[in-house]
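Presented below is the structure to which this report refers.
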Amino acid sequence: MGGERQHYYGKHGTPQKYDPTFKGPIYHRGCTDVICCVFLLLAIVGYVAVGIIAWTHGDPRKVIYPTDSRGEFCGQKGTKNANKSYLFYFNIVKCASPLVLLEFQCPTPQICVEKCPNRYLTYLKAHGTQEFEYYKQFCVPGFKQNKAVTEVLRDGDCPAVLIPSKPLVQRCFPAIHAHKGVLMVGNETSYEDGHGFRKNITDLVEGAKKANGILEARHLAMRIFEDYTVSWYWIIIGLVIAMVLSLLFIILLRFLAGIMVWVMIVMVILVLGYGIFHCYMEYSRLRGEAGSDISLVDLGFQTDLRVYLHLRQTWMAFMIILSILEVIIILLLIFLRKRILIAIALIKEASRAVGYVMCSMLYPLVTFLLLCLCIAYWASTAIFLSTSNEAVYKIFSDTDCQAVGKTCNPENFSSSSEFHLCPGAHCQFAFYGGESTYHRALLGLQIFNAFMFFWLANFVLALGQVTLAGAFASYYWALKKPDDLPAFPLFSAFGRALRWGPRYHTGSLAFGSLLLAIVQIIRVMLEYLDQRLKAAENKFAKFLMTCLKCCFWCLEKFIKFLNRNAYIMIAIYGTNFCTSARNAFFLLMRNIIRVAVLDKVTDFLFLLGKLLIVGSVGILAFFFFTHRIRIVQDTAPPLNYYWVPILTVIVGSYLIAHGFFSVYGMCVDTLFLCFLEDLERNDGSMERPYFMSPTLKRLLNKTNRKPAES
């Protein structure tokens, strides 16, 4: 920094005595938003407590394993059904009943079995024969052959008929297949229902049609999994290529940013010019043709839009619109050329800063891992909360009965008054619920779980933004680059963001992420209410809901924009969140034209970079996995669906490019705010020297005066 300077500016722009140990504004900071930090810690403690409660009461087996009519799990180790992994429906035709949508359970007895039936057999045919031993394994546990046939079927002790079935997601579904366009089960096109009637196979299809879709999805998933097992190595190579190309593009921006921007501007002007020329030629060609002089007003609205292309007035309107756009772009180029040059210089400087803080390119991995941790905790807590209910049993019957739908106890149902009221009814497991205080609070706990997920996820993103902004701000505020840079700028910025003591900003990050989380949880609730109101006919309620959703969407976007710039000011000056947000907002508003130009220029460059990276890697993957590259034609693995690895490489390349460019975008935004602060607070004197790069100084005709000049 040199000892010739006698003064330096403080964080509020006031001159101070020169301090040889002073390293820039980012090191003058104090405690910020301590109350929000305390609230965040208390919320995390409460979140952990909710997780412990959920893990104590929850049982994920309710999601993993199917449940029989008594609420017992099929295939669960350590239980009497350990060897019975499949759920068997007595009469799957009843699964097509609307009651399934209301109770989420088929109104037919269900038991756990070792294997699904592989033959067609009715109870009447099996009764009293050797085949009954096979048939008996599909009856309720503990069944004894001491009842008449009608009593067994009435009480639901055994199914009336067995149908050849196949296991699917641990459930037995009819083995339906098509033969020459005819649906069949086994070798039959119809079946006997066990009561002396024959029914069509289509009845079974109605009961198991959703299972067929799941079967096809499962088959597709298995083939996709096979493709991944033989192509994962090449997918990783493709993603590594995308990573190298992303890094190479960012490095090349230091040298080619200006060329790419000016080429883009010239191409837009030329395209508009050709459009004007083409419109004039079409306008001239239609001169003298019958019907071409009809006005648009006289023609009116036509569903076939091609009719308008035969009118001279249409091409005249196109030519006027394109001419106006051409003039506007040329005028903007004339008056904003200096700001475009500044934007290009900032982009080049950002590429140089990323080169000096190269480890910043790896920081998105830290953010990704922390987000995965938040998602895993939220998902596991949500599953345990949703499975912490108790088994609820209800009465099911084929006949109309007042007791149908009431809760019951399967242990004493046969001796209850409901059983005598509905002789053909049976008490079976319906769903998981409960009436205790804990069960009534489950909805609130799920909302709290979602809210904490949003808060912590936004906090992780904020931590990444502050860390990157602090690292790149230390580069900008180094007067002699890179000599005045700290040894590890990224780790220093990370420590300043989280360190407990006189220099930490956890509270500010918690405050900004809290505001965003509140808006996001409100948006989730509005989406839920909107789904509930879709069936309603109240147009005013729908209009109000649409307005609310639009307003909160805009509010979320604005808060994200404000938070991003506030975090940059926090990284630079260490002020609290509200002060940083206010200063950043008004600083940007005072330079709104520069903001707009820089934003559009960087958006164009990032879009161009993503298209180049994703397009080049995607084309390379397409030619490789479709065996169209002769040199490595025999190296490419055989695939069921070649689009599986190609889409994976394309999506992965986009995410990698987005991760690299997000770091680069944060660097551009940070340097831009530092640049604006530098212009407003400094004047080039010894007390307040400019920190901007020599290129920016030349563009703005700014210089740092020497001691004699000062």
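Just remember, in the structure tokens the first chain shown is A, the second B, etc., residues are 1-based per chain, and ligands are 1-based in the order shown.
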Any idea what's packed within 9 Å of stretch 147-159 of chain A, counting only C-alpha atoms, ignoring anything in its chain fewer than 6 positions away? Could you give it as an MDAnalysis selection string?
chainID A and resid 89:91 108:109 122:124 127 135:136 138:141 194 423:426
Need to verify the contact set: stretch 665-668 of chain A, 7 Å, only C-alpha atoms, exclusion of same-chain residues closer than 6 positions in sequence. Can you return it as a PyMOL selection string?
chain A and resi 346-347+350+468-469+472
Output file for the selection above: C-alpha atoms, as a JSON list (two decimals), in the first residue's frame:
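Result written to part01.json:
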```json
[["chain", "number", "residue", "atom", "x", "y", "z"],
["A", 346, "LEU", "CA", -15.96, -4.70, -15.86],
["A", 347, "ILE", "CA", -16.57, -8.09, -17.47],
["A", 350, "ALA", "CA", -14.23, -9.96, -13.47],
["A", 468, "LEU", "CA", -17.96, -14.85, -3.03],
["A", 469, "ALA", "CA", -18.70, -11.12, -2.75],
["A", 472, "PHE", "CA", -14.01, -10.49, -5.05]]
```
Set the distance at 9 Å and use only C-alpha atoms: which residues neighbour stretch 536-548 of chain A once local chain neighbours fewer than 5 positions away are removed? I'd like the list as a compact mmCIF listing (two decimals) with all heavy atoms, in the first residue's frame.
```txt
# COMPACT_ATOMS: atom_id res chain seq x y z
N ARG A 523 -46.34 -18.17 -0.67
CA ARG A 523 -46.62 -18.61 -2.05
C ARG A 523 -47.05 -20.08 -2.08
O ARG A 523 -47.93 -20.46 -2.87
CB ARG A 523 -45.39 -18.40 -2.92
CG ARG A 523 -45.08 -16.95 -3.26
CD ARG A 523 -44.08 -16.87 -4.39
NE ARG A 523 -44.64 -17.46 -5.61
CZ ARG A 523 -43.91 -17.85 -6.63
NH1 ARG A 523 -42.60 -17.76 -6.59
NH2 ARG A 523 -44.48 -18.37 -7.70
N LEU A 526 -50.60 -20.20 -0.98
CA LEU A 526 -51.49 -19.71 -2.04
C LEU A 526 -51.68 -20.76 -3.13
O LEU A 526 -52.79 -20.90 -3.67
CB LEU A 526 -50.92 -18.42 -2.63
CG LEU A 526 -50.97 -17.17 -1.75
CD1 LEU A 526 -50.29 -16.01 -2.44
CD2 LEU A 526 -52.40 -16.81 -1.40
N GLU A 527 -50.62 -21.49 -3.46
CA GLU A 527 -50.75 -22.56 -4.45
C GLU A 527 -51.69 -23.65 -3.94
O GLU A 527 -52.50 -24.20 -4.70
CB GLU A 527 -49.37 -23.16 -4.75
CG GLU A 527 -48.46 -22.25 -5.57
CD GLU A 527 -48.96 -22.07 -6.99
OE1 GLU A 527 -49.78 -22.90 -7.46
OE2 GLU A 527 -48.56 -21.09 -7.64
N LEU A 529 -54.17 -23.24 -1.75
CA LEU A 529 -55.53 -22.71 -1.79
C LEU A 529 -56.05 -22.65 -3.23
O LEU A 529 -57.24 -22.88 -3.48
CB LEU A 529 -55.57 -21.32 -1.15
CG LEU A 529 -55.31 -21.26 0.36
CD1 LEU A 529 -55.28 -19.81 0.83
CD2 LEU A 529 -56.38 -22.04 1.12
N ASP A 530 -55.15 -22.33 -4.16
CA ASP A 530 -55.56 -22.27 -5.55
C ASP A 530 -56.00 -23.64 -6.06
O ASP A 530 -56.97 -23.75 -6.83
CB ASP A 530 -54.40 -21.75 -6.40
CG ASP A 530 -54.81 -21.50 -7.85
OD1 ASP A 530 -55.90 -20.97 -8.07
OD2 ASP A 530 -54.03 -21.84 -8.75
N TRP A 553 -45.25 -13.31 -6.34
CA TRP A 553 -44.17 -13.71 -7.25
C TRP A 553 -43.25 -12.52 -7.52
O TRP A 553 -42.02 -12.66 -7.48
CB TRP A 553 -44.77 -14.23 -8.55
CG TRP A 553 -43.72 -14.66 -9.55
CD1 TRP A 553 -43.09 -15.87 -9.62
CD2 TRP A 553 -43.19 -13.86 -10.62
NE1 TRP A 553 -42.20 -15.88 -10.66
CE2 TRP A 553 -42.23 -14.67 -11.30
CE3 TRP A 553 -43.42 -12.57 -11.07
CZ2 TRP A 553 -41.52 -14.20 -12.40
CZ3 TRP A 553 -42.71 -12.10 -12.17
CH2 TRP A 553 -41.78 -12.91 -12.81
```
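Candidate residues A:Met686, A:Ile559, A:Gly78, A:Gly659 were compared for distance to A:Val366, and the nearest is A:Gly659, using only C-alpha atoms.
Put simply, atom CA of A:Val524 is 10.8 Å away from atom CA of A:Phe454.
Nearest to A:Arg223 of all the residues A:Leu639, A:Met358, A:Leu696, A:Cys74 is A:Leu639, counting only C-alpha atoms.
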